[in-house]
$ cat entry_1.csv   # CSV, C-alpha atoms
chain,number,residue,atom,x,y,z
A,1,MET,CA,-63.3,-85.8,38.3
A,2,LYS,CA,-61.8,-82.3,38.2
A,3,HIS,CA,-61.9,-80.0,35.2
A,4,GLN,CA,-60.1,-76.8,34.4
A,5,ASN,CA,-62.6,-74.6,36.3
A,6,ASP,CA,-61.6,-76.3,39.5
A,7,HIS,CA,-57.9,-75.3,39.0
A,8,GLU,CA,-58.0,-71.5,39.2
A,9,GLN,CA,-56.0,-71.8,42.4
A,10,TYR,CA,-53.0,-73.0,40.3
A,11,VAL,CA,-52.8,-69.9,38.0
A,12,LEU,CA,-49.2,-68.7,38.4
A,13,SER,CA,-49.5,-65.1,37.0
A,14,PRO,CA,-53.1,-64.0,37.3
A,15,ALA,CA,-52.2,-60.4,36.3
A,16,ARG,CA,-50.4,-61.4,33.1
A,17,ALA,CA,-52.1,-60.3,29.8
A,18,LEU,CA,-52.0,-62.9,27.1
A,19,THR,CA,-52.6,-62.3,23.4
A,20,ASP,CA,-55.5,-64.1,21.6
A,21,ASP,CA,-53.0,-66.4,19.9
A,22,GLU,CA,-51.4,-67.2,23.3
A,23,ILE,CA,-54.8,-67.9,24.8
A,24,ASP,CA,-55.5,-70.3,22.0
A,25,LEU,CA,-52.3,-72.2,22.9
A,26,ILE,CA,-53.5,-73.0,26.5
A,27,TRP,CA,-54.7,-76.6,26.5
A,28,LYS,CA,-58.4,-77.0,27.1
A,29,LYS,CA,-59.2,-80.1,29.2
A,30,PRO,CA,-61.7,-82.4,27.5
A,31,VAL,CA,-64.6,-83.7,29.6
A,32,THR,CA,-62.9,-87.1,29.5
A,33,HIS,CA,-59.9,-85.8,31.4
A,34,ALA,CA,-59.5,-87.2,34.9
A,35,SER,CA,-56.9,-85.5,37.1
A,36,SER,CA,-54.2,-87.9,38.4
A,37,GLU,CA,-52.4,-87.8,41.7
A,38,ALA,CA,-49.2,-86.7,39.8
A,39,GLU,CA,-51.1,-83.8,38.2
A,40,THR,CA,-52.3,-82.6,41.5
A,41,ARG,CA,-49.0,-83.1,43.2
A,42,ILE,CA,-47.0,-81.2,40.5
A,43,SER,CA,-49.5,-78.4,40.3
A,44,GLN,CA,-49.4,-77.9,44.1
A,45,GLU,CA,-45.6,-78.1,44.3
A,46,ILE,CA,-45.0,-75.6,41.5
A,47,LYS,CA,-47.7,-73.2,42.9
A,48,ARG,CA,-46.3,-73.4,46.4
A,49,ASN,CA,-42.7,-72.7,45.4
A,50,TRP,CA,-43.4,-70.2,42.6
A,51,ASP,CA,-42.2,-67.1,44.4
A,52,ARG,CA,-39.5,-68.7,46.5
A,53,GLY,CA,-36.5,-67.7,44.5
A,54,GLU,CA,-33.9,-70.4,44.3
A,55,LEU,CA,-36.5,-73.0,45.5
A,56,LYS,CA,-38.7,-72.2,42.5
A,57,ILE,CA,-39.8,-75.3,40.6
A,58,ALA,CA,-39.9,-74.7,36.8
A,59,ASN,CA,-38.2,-77.8,35.3
A,60,VAL,CA,-40.1,-81.1,35.7
A,61,LEU,CA,-39.2,-84.6,34.5
A,62,LEU,CA,-41.8,-87.2,33.7
A,63,GLU,CA,-40.1,-90.5,33.0
A,64,GLY,CA,-42.0,-93.7,32.2
A,65,ASP,CA,-43.2,-96.1,29.6
A,66,ALA,CA,-45.0,-95.1,26.4
A,67,GLY,CA,-48.7,-94.7,27.0
A,68,SER,CA,-48.3,-93.8,30.6
A,69,GLY,CA,-49.9,-90.4,30.1
A,70,LYS,CA,-46.8,-88.1,30.1
A,71,THR,CA,-47.9,-85.7,27.4
A,72,GLN,CA,-51.5,-85.7,28.6
A,73,LEU,CA,-50.1,-84.6,32.0
A,74,ALA,CA,-47.9,-81.9,30.5
A,75,LYS,CA,-50.9,-80.5,28.6
A,76,ALA,CA,-53.0,-80.6,31.8
A,77,LEU,CA,-50.4,-78.5,33.6
A,78,SER,CA,-50.8,-75.9,30.8
A,79,ALA,CA,-54.5,-75.8,31.6
A,80,ASN,CA,-53.9,-75.6,35.4
A,81,PHE,CA,-51.3,-72.8,35.2
A,82,LYS,CA,-53.1,-71.0,32.3
A,83,LEU,CA,-49.9,-71.0,30.3
A,84,PRO,CA,-49.6,-71.5,26.5
A,85,TYR,CA,-48.5,-75.0,25.7
A,86,THR,CA,-46.0,-76.0,23.0
A,87,LYS,CA,-43.6,-78.9,22.5
A,88,VAL,CA,-40.4,-80.0,20.8
A,89,THR,CA,-39.8,-83.6,19.9
A,90,CYS,CA,-36.1,-84.4,20.0
A,91,PHE,CA,-34.3,-86.7,17.5
A,92,ALA,CA,-30.9,-88.2,17.4
A,93,ASP,CA,-29.3,-85.8,14.9
A,94,MET,CA,-30.5,-82.5,16.3
A,95,ASP,CA,-27.9,-79.7,16.1
A,96,LYS,CA,-27.6,-76.3,17.9
A,97,THR,CA,-29.9,-74.6,15.3
A,98,ASP,CA,-32.7,-76.8,16.5
A,99,ILE,CA,-32.2,-75.5,20.0
A,100,ILE,CA,-31.4,-71.9,19.2
A,101,GLY,CA,-32.7,-71.2,15.7
A,102,ALA,CA,-31.2,-70.2,12.3
A,103,ILE,CA,-30.3,-67.1,10.3
A,104,LEU,CA,-31.6,-67.2,6.8
A,105,PRO,CA,-30.8,-64.8,4.0
A,106,VAL,CA,-33.8,-63.2,2.3
A,107,ILE,CA,-33.4,-63.7,-1.4
A,108,SER,CA,-35.2,-61.9,-4.2
A,109,MET,CA,-38.4,-63.3,-5.9
A,110,ASP,CA,-36.4,-63.8,-9.1
A,111,GLY,CA,-34.0,-66.0,-7.1
A,112,ILE,CA,-36.8,-68.0,-5.6
A,113,LYS,CA,-38.3,-68.7,-9.1
A,114,HIS,CA,-35.4,-70.9,-9.9
A,115,MET,CA,-35.9,-73.2,-7.0
A,116,GLU,CA,-38.2,-76.3,-6.7
A,117,ALA,CA,-41.8,-75.7,-5.9
A,118,ALA,CA,-41.6,-77.1,-2.4
A,119,ASP,CA,-38.7,-74.9,-1.6
A,120,GLN,CA,-40.5,-71.8,-3.0
A,121,THR,CA,-43.5,-72.6,-0.8
A,122,ALA,CA,-41.3,-73.0,2.2
A,123,LEU,CA,-39.4,-69.8,1.7
A,124,ARG,CA,-42.6,-67.8,1.0
A,125,ALA,CA,-44.1,-69.1,4.2
A,126,LEU,CA,-41.0,-68.1,6.2
A,127,TYR,CA,-40.8,-64.7,4.6
A,128,GLU,CA,-44.5,-64.0,5.2
A,129,SER,CA,-44.4,-65.1,8.8
A,130,ASP,CA,-45.1,-62.6,11.6
A,131,GLY,CA,-42.4,-63.8,13.9
A,132,PHE,CA,-44.9,-65.3,16.3
A,133,ARG,CA,-44.1,-68.9,15.4
A,134,SER,CA,-40.9,-70.8,15.1
A,135,SER,CA,-39.4,-71.8,11.7
A,136,THR,CA,-40.1,-75.4,12.4
A,137,SER,CA,-43.8,-74.9,13.0
A,138,ILE,CA,-44.1,-72.7,9.9
A,139,LEU,CA,-42.5,-75.4,7.7
A,140,MET,CA,-44.5,-78.2,9.3
A,141,GLU,CA,-47.7,-76.4,8.4
A,142,ALA,CA,-46.7,-75.1,5.0
A,143,LEU,CA,-45.3,-78.4,3.7
A,144,GLU,CA,-47.4,-80.8,6.0
A,145,ILE,CA,-44.2,-82.6,7.2
A,146,SER,CA,-42.9,-83.8,10.6
A,147,GLN,CA,-40.8,-81.8,13.0
A,148,GLU,CA,-37.6,-83.7,12.1
A,149,MET,CA,-38.3,-83.2,8.4
A,150,ALA,CA,-38.9,-79.5,9.0
A,151,SER,CA,-35.6,-79.3,10.7
A,152,ALA,CA,-33.8,-80.9,7.8
A,153,LYS,CA,-35.7,-78.7,5.3
A,154,MET,CA,-34.6,-75.6,7.2
A,155,LYS,CA,-31.0,-76.6,6.9
A,156,GLN,CA,-31.4,-77.3,3.2
A,157,LEU,CA,-33.1,-74.0,2.7
A,158,LEU,CA,-30.2,-72.3,4.5
A,159,LYS,CA,-27.7,-73.8,2.1
A,160,GLN,CA,-29.8,-73.1,-1.0
A,161,ALA,CA,-30.7,-69.5,0.0
A,162,THR,CA,-27.0,-68.8,0.6
A,163,ASP,CA,-26.2,-70.2,-2.9
A,164,HIS,CA,-28.9,-67.9,-4.4
A,165,VAL,CA,-27.8,-64.7,-2.6
A,166,GLU,CA,-27.0,-62.0,-5.1
A,167,ASP,CA,-24.0,-59.6,-4.9
A,168,GLY,CA,-24.4,-56.6,-2.8
A,169,VAL,CA,-26.3,-55.9,0.4
A,170,VAL,CA,-28.1,-58.9,1.8
A,171,GLU,CA,-30.9,-58.9,4.3
A,172,TYR,CA,-30.7,-61.7,6.9
A,173,ARG,CA,-33.6,-62.7,9.1
A,174,PHE,CA,-33.3,-64.8,12.3
A,175,TYR,CA,-35.9,-67.5,12.9
A,176,PRO,CA,-35.9,-68.6,16.5
A,177,SER,CA,-36.5,-72.2,17.5
A,178,GLU,CA,-39.7,-73.3,19.4
A,179,ILE,CA,-37.5,-73.6,22.5
A,180,VAL,CA,-36.4,-69.9,22.2
A,181,ARG,CA,-40.0,-68.8,21.6
A,182,ALA,CA,-41.2,-70.5,24.7
A,183,PHE,CA,-38.2,-69.4,26.7
A,184,ARG,CA,-38.6,-65.7,25.7
A,185,ASN,CA,-42.4,-65.5,26.0
A,186,GLY,CA,-43.0,-67.6,29.1
A,187,TYR,CA,-44.8,-70.7,27.8
A,188,LEU,CA,-45.1,-74.2,29.1
A,189,LEU,CA,-42.7,-76.2,26.9
A,190,GLU,CA,-42.8,-80.0,26.7
A,191,ILE,CA,-39.4,-81.4,25.5
A,192,GLN,CA,-40.0,-85.0,24.4
A,193,GLU,CA,-37.2,-87.6,24.4
A,194,PRO,CA,-34.1,-85.5,25.0
A,195,ASN,CA,-32.3,-88.8,25.8
A,196,VAL,CA,-32.1,-89.7,22.1
A,197,ILE,CA,-29.8,-86.7,21.3
A,198,ARG,CA,-26.3,-87.7,20.3
A,199,ASP,CA,-24.4,-84.4,20.1
A,200,ALA,CA,-23.0,-83.3,23.5
A,201,ALA,CA,-22.9,-79.7,22.3
A,202,VAL,CA,-26.7,-79.8,21.6
A,203,LEU,CA,-27.2,-81.1,25.2
A,204,MET,CA,-25.1,-78.3,26.5
A,205,ALA,CA,-27.2,-75.7,24.7
A,206,LEU,CA,-30.3,-77.4,26.0
A,207,ASN,CA,-29.0,-77.3,29.5
A,208,SER,CA,-28.5,-73.5,29.2
A,209,ALA,CA,-32.2,-73.1,28.5
A,210,LEU,CA,-33.0,-74.9,31.8
A,211,GLU,CA,-31.1,-72.5,34.1
A,212,LEU,CA,-33.7,-70.8,36.3
A,213,GLU,CA,-32.0,-67.4,35.9
A,214,GLY,CA,-30.5,-68.4,32.5
A,215,SER,CA,-30.1,-66.6,29.2
A,216,LEU,CA,-29.6,-67.7,25.6
A,217,ASN,CA,-27.0,-66.0,23.4
A,218,LEU,CA,-28.7,-65.7,20.0
A,219,PRO,CA,-27.0,-64.3,16.9
A,220,THR,CA,-29.1,-61.2,17.1
A,221,GLU,CA,-29.5,-60.7,20.9
A,222,ILE,CA,-29.3,-62.1,24.4
A,223,VAL,CA,-32.6,-63.5,25.6
A,224,HIS,CA,-33.3,-63.9,29.3
A,225,ARG,CA,-35.6,-66.6,30.6
A,226,HIS,CA,-39.1,-65.4,31.1
A,227,PRO,CA,-40.2,-65.9,34.7
A,228,ASP,CA,-43.3,-67.9,33.6
A,229,PHE,CA,-41.3,-70.3,31.5
A,230,ILE,CA,-41.8,-73.9,32.6
A,231,VAL,CA,-40.2,-77.0,31.0
A,232,ILE,CA,-41.8,-80.4,31.2
A,233,ILE,CA,-39.3,-83.1,30.0
A,234,THR,CA,-41.0,-86.3,29.0
A,235,ALA,CA,-38.8,-89.4,28.5
A,236,ASN,CA,-39.6,-93.0,27.8
A,237,ARG,CA,-37.9,-95.8,29.7
A,238,SER,CA,-36.3,-98.5,27.7
A,239,TYR,CA,-37.2,-96.8,24.4
A,240,ALA,CA,-35.3,-97.9,21.2
A,241,GLY,CA,-32.4,-95.4,20.6
A,242,SER,CA,-32.6,-93.8,24.0
A,243,ARG,CA,-29.8,-93.3,26.4
A,244,PRO,CA,-29.7,-92.6,30.1
A,245,LEU,CA,-30.8,-89.0,30.6
A,246,ASN,CA,-27.8,-86.6,30.6
A,247,GLU,CA,-26.6,-86.1,34.2
A,248,ALA,CA,-26.2,-82.3,33.8
A,249,LEU,CA,-29.8,-82.1,32.5
A,250,ARG,CA,-31.1,-84.2,35.4
A,251,ASP,CA,-29.3,-81.9,37.8
A,252,ARG,CA,-31.4,-79.0,36.5
A,253,ILE,CA,-34.7,-80.8,37.3
A,254,GLN,CA,-36.5,-79.6,40.4
A,255,HIS,CA,-39.3,-82.2,40.4
A,256,SER,CA,-39.5,-85.8,38.9
A,257,GLU,CA,-42.3,-88.3,38.5
A,258,LYS,CA,-42.0,-92.0,37.7
A,259,MET,CA,-44.8,-92.6,35.3
A,260,ASP,CA,-46.4,-96.0,35.2
A,261,LEU,CA,-49.8,-97.2,34.2
A,262,PRO,CA,-52.5,-95.6,36.4
A,263,THR,CA,-54.6,-97.6,38.9
A,264,LYS,CA,-57.1,-99.9,37.4
A,265,GLU,CA,-60.0,-97.7,38.7
A,266,VAL,CA,-58.5,-94.7,36.8
A,267,MET,CA,-58.0,-96.7,33.7
A,268,ILE,CA,-61.6,-97.8,33.7
A,269,GLU,CA,-62.9,-94.3,34.4
A,270,ARG,CA,-60.9,-92.8,31.6
A,271,ALA,CA,-61.8,-95.5,29.1
A,272,ALA,CA,-65.5,-95.2,29.9
A,273,ALA,CA,-65.4,-91.4,29.5
A,274,LYS,CA,-63.4,-91.5,26.3
A,275,THR,CA,-65.3,-94.3,24.5
A,276,GLY,CA,-68.7,-93.9,26.1
A,277,TYR,CA,-68.7,-97.7,26.8
A,278,GLN,CA,-70.4,-98.5,30.1
A,279,ASP,CA,-70.0,-102.3,30.5
A,280,TYR,CA,-67.9,-102.1,33.6
A,281,GLU,CA,-67.5,-105.9,33.9
A,282,LEU,CA,-65.8,-106.0,30.5
A,283,LEU,CA,-63.8,-102.8,31.2
A,284,ASP,CA,-62.5,-104.3,34.4
A,285,ALA,CA,-61.5,-107.6,32.6
A,286,LEU,CA,-59.7,-105.7,29.8
A,287,ALA,CA,-57.9,-103.5,32.2
A,288,ASN,CA,-56.7,-106.5,34.2
A,289,MET,CA,-55.3,-108.0,31.0
A,290,ILE,CA,-53.5,-104.8,30.0
A,291,MET,CA,-51.8,-104.8,33.4
A,292,ILE,CA,-50.8,-108.4,33.1
A,293,LEU,CA,-49.4,-107.9,29.6
A,294,ASP,CA,-47.5,-104.8,30.7
A,295,LYS,CA,-46.0,-106.7,33.7
A,296,THR,CA,-45.1,-109.8,31.6
A,297,ALA,CA,-43.5,-107.7,28.9
A,298,ARG,CA,-41.3,-106.0,31.4
A,299,ALA,CA,-40.3,-109.2,33.2
A,300,ASN,CA,-39.3,-110.9,29.9
A,301,ALA,CA,-37.5,-107.9,28.4
A,302,ILE,CA,-40.0,-107.6,25.6
A,303,LYS,CA,-39.5,-104.1,24.3
A,304,GLY,CA,-43.1,-103.2,23.5
A,305,VAL,CA,-45.5,-101.6,26.0
A,306,ALA,CA,-49.2,-102.4,26.9
A,307,GLY,CA,-50.4,-98.9,27.9
A,308,MET,CA,-53.4,-96.7,28.1
A,309,ARG,CA,-53.5,-96.1,24.3
A,310,SER,CA,-53.8,-99.8,23.7
A,311,TYR,CA,-56.5,-100.1,26.3
A,312,PHE,CA,-58.6,-97.3,24.8
A,313,TYR,CA,-58.4,-98.7,21.3
A,314,TRP,CA,-59.2,-102.2,22.5
A,315,VAL,CA,-62.2,-101.0,24.4
A,316,ASP,CA,-63.3,-98.9,21.5
A,317,ALA,CA,-63.0,-101.9,19.1
A,318,VAL,CA,-65.1,-104.1,21.5
A,319,ALA,CA,-67.7,-101.4,21.9
A,320,SER,CA,-68.0,-101.3,18.1
A,321,GLY,CA,-68.8,-105.0,18.0
A,322,THR,CA,-65.3,-106.6,17.4
A,323,SER,CA,-64.6,-109.8,19.2
A,324,PRO,CA,-62.6,-109.2,22.4
A,325,ARG,CA,-60.2,-112.0,21.7
A,326,GLU,CA,-59.6,-111.0,18.0
A,327,SER,CA,-59.1,-107.4,18.9
A,328,LEU,CA,-56.7,-108.3,21.7
A,329,TYR,CA,-54.1,-109.1,19.1
A,330,HIS,CA,-54.6,-106.2,16.7
A,331,LYS,CA,-55.0,-103.5,19.4
A,332,VAL,CA,-52.6,-104.8,22.1
A,333,ILE,CA,-50.4,-107.8,21.5
A,334,TYR,CA,-49.2,-107.0,18.0
A,335,LYS,CA,-48.4,-103.5,19.3
A,336,ILE,CA,-46.1,-105.0,21.9
A,337,THR,CA,-44.5,-107.6,19.6
A,338,THR,CA,-45.0,-109.7,16.5
A,339,ASP,CA,-42.3,-112.2,17.5
A,340,SER,CA,-43.9,-115.6,17.7
A,341,GLU,CA,-42.0,-116.7,20.8
A,342,GLU,CA,-42.7,-113.5,22.7
A,343,ILE,CA,-46.4,-113.8,21.7
A,344,LYS,CA,-46.5,-117.3,23.3
A,345,ILE,CA,-45.0,-115.8,26.5
A,346,LEU,CA,-47.7,-113.2,26.6
A,347,GLU,CA,-50.5,-115.7,25.8
A,348,ALA,CA,-49.2,-118.0,28.5
A,349,ALA,CA,-49.4,-115.2,31.1
A,350,LEU,CA,-53.0,-114.5,30.2
A,351,ASP,CA,-53.9,-118.2,30.1
A,352,GLU,CA,-52.3,-118.8,33.5
A,353,GLN,CA,-54.7,-116.3,35.0
A,354,GLY,CA,-57.6,-117.7,33.1
A,355,PHE,CA,-58.1,-114.6,31.0
A,356,LEU,CA,-58.1,-116.2,27.6
A,357,GLY,CA,-61.1,-118.3,28.7
A,358,ARG,CA,-62.6,-115.2,30.2
A,359,LEU,CA,-62.5,-113.5,26.8
A,360,ASP,CA,-64.5,-116.2,25.3
A,361,GLU,CA,-67.1,-115.9,28.1
A,362,LEU,CA,-67.3,-112.2,27.6
A,363,GLN,CA,-67.8,-112.8,23.8
A,364,MET,CA,-70.7,-115.1,24.5
A,365,LYS,CA,-72.2,-112.6,26.9
A,366,LEU,CA,-72.0,-109.8,24.3
A,367,LYS,CA,-73.6,-112.0,21.6
A,368,LYS,CA,-76.4,-112.9,24.1
A,369,ASN,CA,-77.0,-109.2,24.8
A,370,GLU,CA,-77.2,-108.4,21.1
A,371,THR,CA,-80.0,-110.9,20.7

$ encode --input "entry_1.csv" --output "structure tokens"
Amino acid sequence: MKHQNDHEQYVLSPARALTDDEIDLIWKKPVTHASSEAETRISQEIKRNWDRGELKIANVLLEGDAGSGKTQLAKALSANFKLPYTKVTCFADMDKTDIIGAILPVISMDGIKHMEAADQTALRALYESDGFRSSTSILMEALEISQEMASAKMKQLLKQATDHVEDGVVEYRFYPSEIVRAFRNGYLLEIQEPNVIRDAAVLMALNSALELEGSLNLPTEIVHRHPDFIVIITANRSYAGSRPLNEALRDRIQHSEKMDLPTKEVMIERAAAKTGYQDYELLDALANMIMILDKTARANAIKGVAGMRSYFYWVDAVASGTSPRESLYHKVIYKITTDSEEIKILEAALDEQGFLGRLDELQMKLKKNET
């Protein structure tokens, strides 16, 4: 198992000075992290090509099923390269302000007093910000809301602030998006699920941010891509609401990975490290069943996924004393589907391999060990 101290060879800009806030954004690998072949391969490829001009690799695509470790891998690359990590989760109705940012008029305190309490809190948080964070992250923290809700709130505030602007000279302030912040400052940016975006104009703006020598035309300035800026696009296969990834966006990718479940050995190693559970006979059996359920769901066009998250929670439930068969449904099968006919298909696949009976054997063994 390799940890962050073993990856000093992947640091891309060793002479670069980071602020304390930026250092805090670099992902710290937990002791449970096990480096995958994909992590090593991407790290080596980016490092090897980093100073090769047009052959530089700075846009990576990780495409696979939910729970296949895409975000974990993106964060691990932040640790390897010693680059601040940040992310953007895309949604269907994103507009260009979510890619670029928004200009907000600064209204007086008297004007703010007439607004709702939540809007007052939001505006004060924005006005008091130091410019280090994006408007979305400021609103997410101040109002304890999701990224999509923060985007909608920013648009609402823009309209309300404009309505409350008084006659005379008005001060306007530009709040960059998280994408612009990473683009300008040279962070590792994970862009999650860009294949759900509907508006072609938004995709065009996103494509501009992926040009290796690109620049972004902001309302206040032209920002050039920082040489350390790395984009990791993570996209789910067969995800509800997703479309085929935009061809122009794909064309700007220099390295792609097909993300599937890791090998059984890696699954067991990660689960043991994460949960502290050391019964390797049971870990092996549960991993086999996860793999069968994943394969069966794919073969029968069942939309849900049996992935690493399900495996971890199932192992953890069994380690806490829950019946392996009972927790199979609550931690795995019902996450895949609650359709009765689809559940029968999944059960039949396990029974055909003798695993339902195996669960009962494991339960008897666990009870015997308790006594």

$ atom_distance --input "entry_1.csv" --atom1 "CA of Ala297 in chain A" --atom2 "CA of Asp360 in chain A"
22.9 Å

$ residues_around --input "entry_1.csv" --residues "Ile345 in chain A" --least-positions-apart "5" --cutoff "10 Å" --atoms "all atoms listed in the file" --output "ChimeraX atom specification"
/A:293,296-297,300,302,340,350-351

$ atom_distance --input "entry_1.csv" --atom1 "CA of Ser135 in chain A" --atom2 "CA of Ala122 in chain A"
9.8 Å

$ residues_around --input "entry_1.csv" --residues "range 229-234 of chain A" --least-positions-apart "4" --cutoff "6 Å" --atoms "all atoms listed in the file" --output "PyMOL selection string"
chain A and resi 58-63+183+186-192

$ atom_distance --input "entry_1.csv" --atom1 "CA of Glu39 in chain A" --atom2 "CA of Lys335 in chain A"
27.4 Å

$ closest_residue --input "entry_1.csv" --among "A:Asn246, A:Ser320, A:Thr89, A:Gln278" --to "Ala200 in chain A" --atoms "all atoms listed in the file"
A:Asn246

$ closest_residue --input "entry_1.csv" --among "A:Tyr85, A:Ser215, A:Glu193, A:Glu265" --to "Glu178 in chain A" --atoms "all atoms listed in the file"
A:Tyr85

$ closest_residue --input "entry_1.csv" --among "A:Met140, A:Leu157, A:Val106, A:Met115" --to "Tyr172 in chain A" --atoms "all atoms listed in the file"
A:Val106

$ residues_around --input "entry_1.csv" --residues "Ile222 in chain A" --least-positions-apart "5" --cutoff "12 Å" --atoms "only C-alpha atoms" --output "tab-separated table (two decimals) with C-alpha atoms, keeping the file's coordinate frame"
chain	number	residue	atom	x	y	z
A	100	ILE	CA	-31.40	-71.90	19.20
A	180	VAL	CA	-36.40	-69.90	22.20
A	183	PHE	CA	-38.20	-69.40	26.70
A	184	ARG	CA	-38.60	-65.70	25.70
A	214	GLY	CA	-30.50	-68.40	32.50
A	215	SER	CA	-30.10	-66.60	29.20
A	216	LEU	CA	-29.60	-67.70	25.60
A	217	ASN	CA	-27.00	-66.00	23.40

$ closest_residue --input "entry_1.csv" --among "A:Leu210, A:Ala102, A:Leu203, A:Ala301" --to "Phe174 in chain A" --atoms "only C-alpha atoms"
A:Ala102

$ closest_residue --input "entry_1.csv" --among "A:Tyr329, A:Arg309, A:Ala79, A:Ala182" --to "Glu347 in chain A" --atoms "only C-alpha atoms"
A:Tyr329

$ closest_residue --input "entry_1.csv" --among "A:Gln147, A:Gln156, A:Ser327, A:Asn80" --to "Val11 in chain A" --atoms "all atoms listed in the file"
A:Asn80
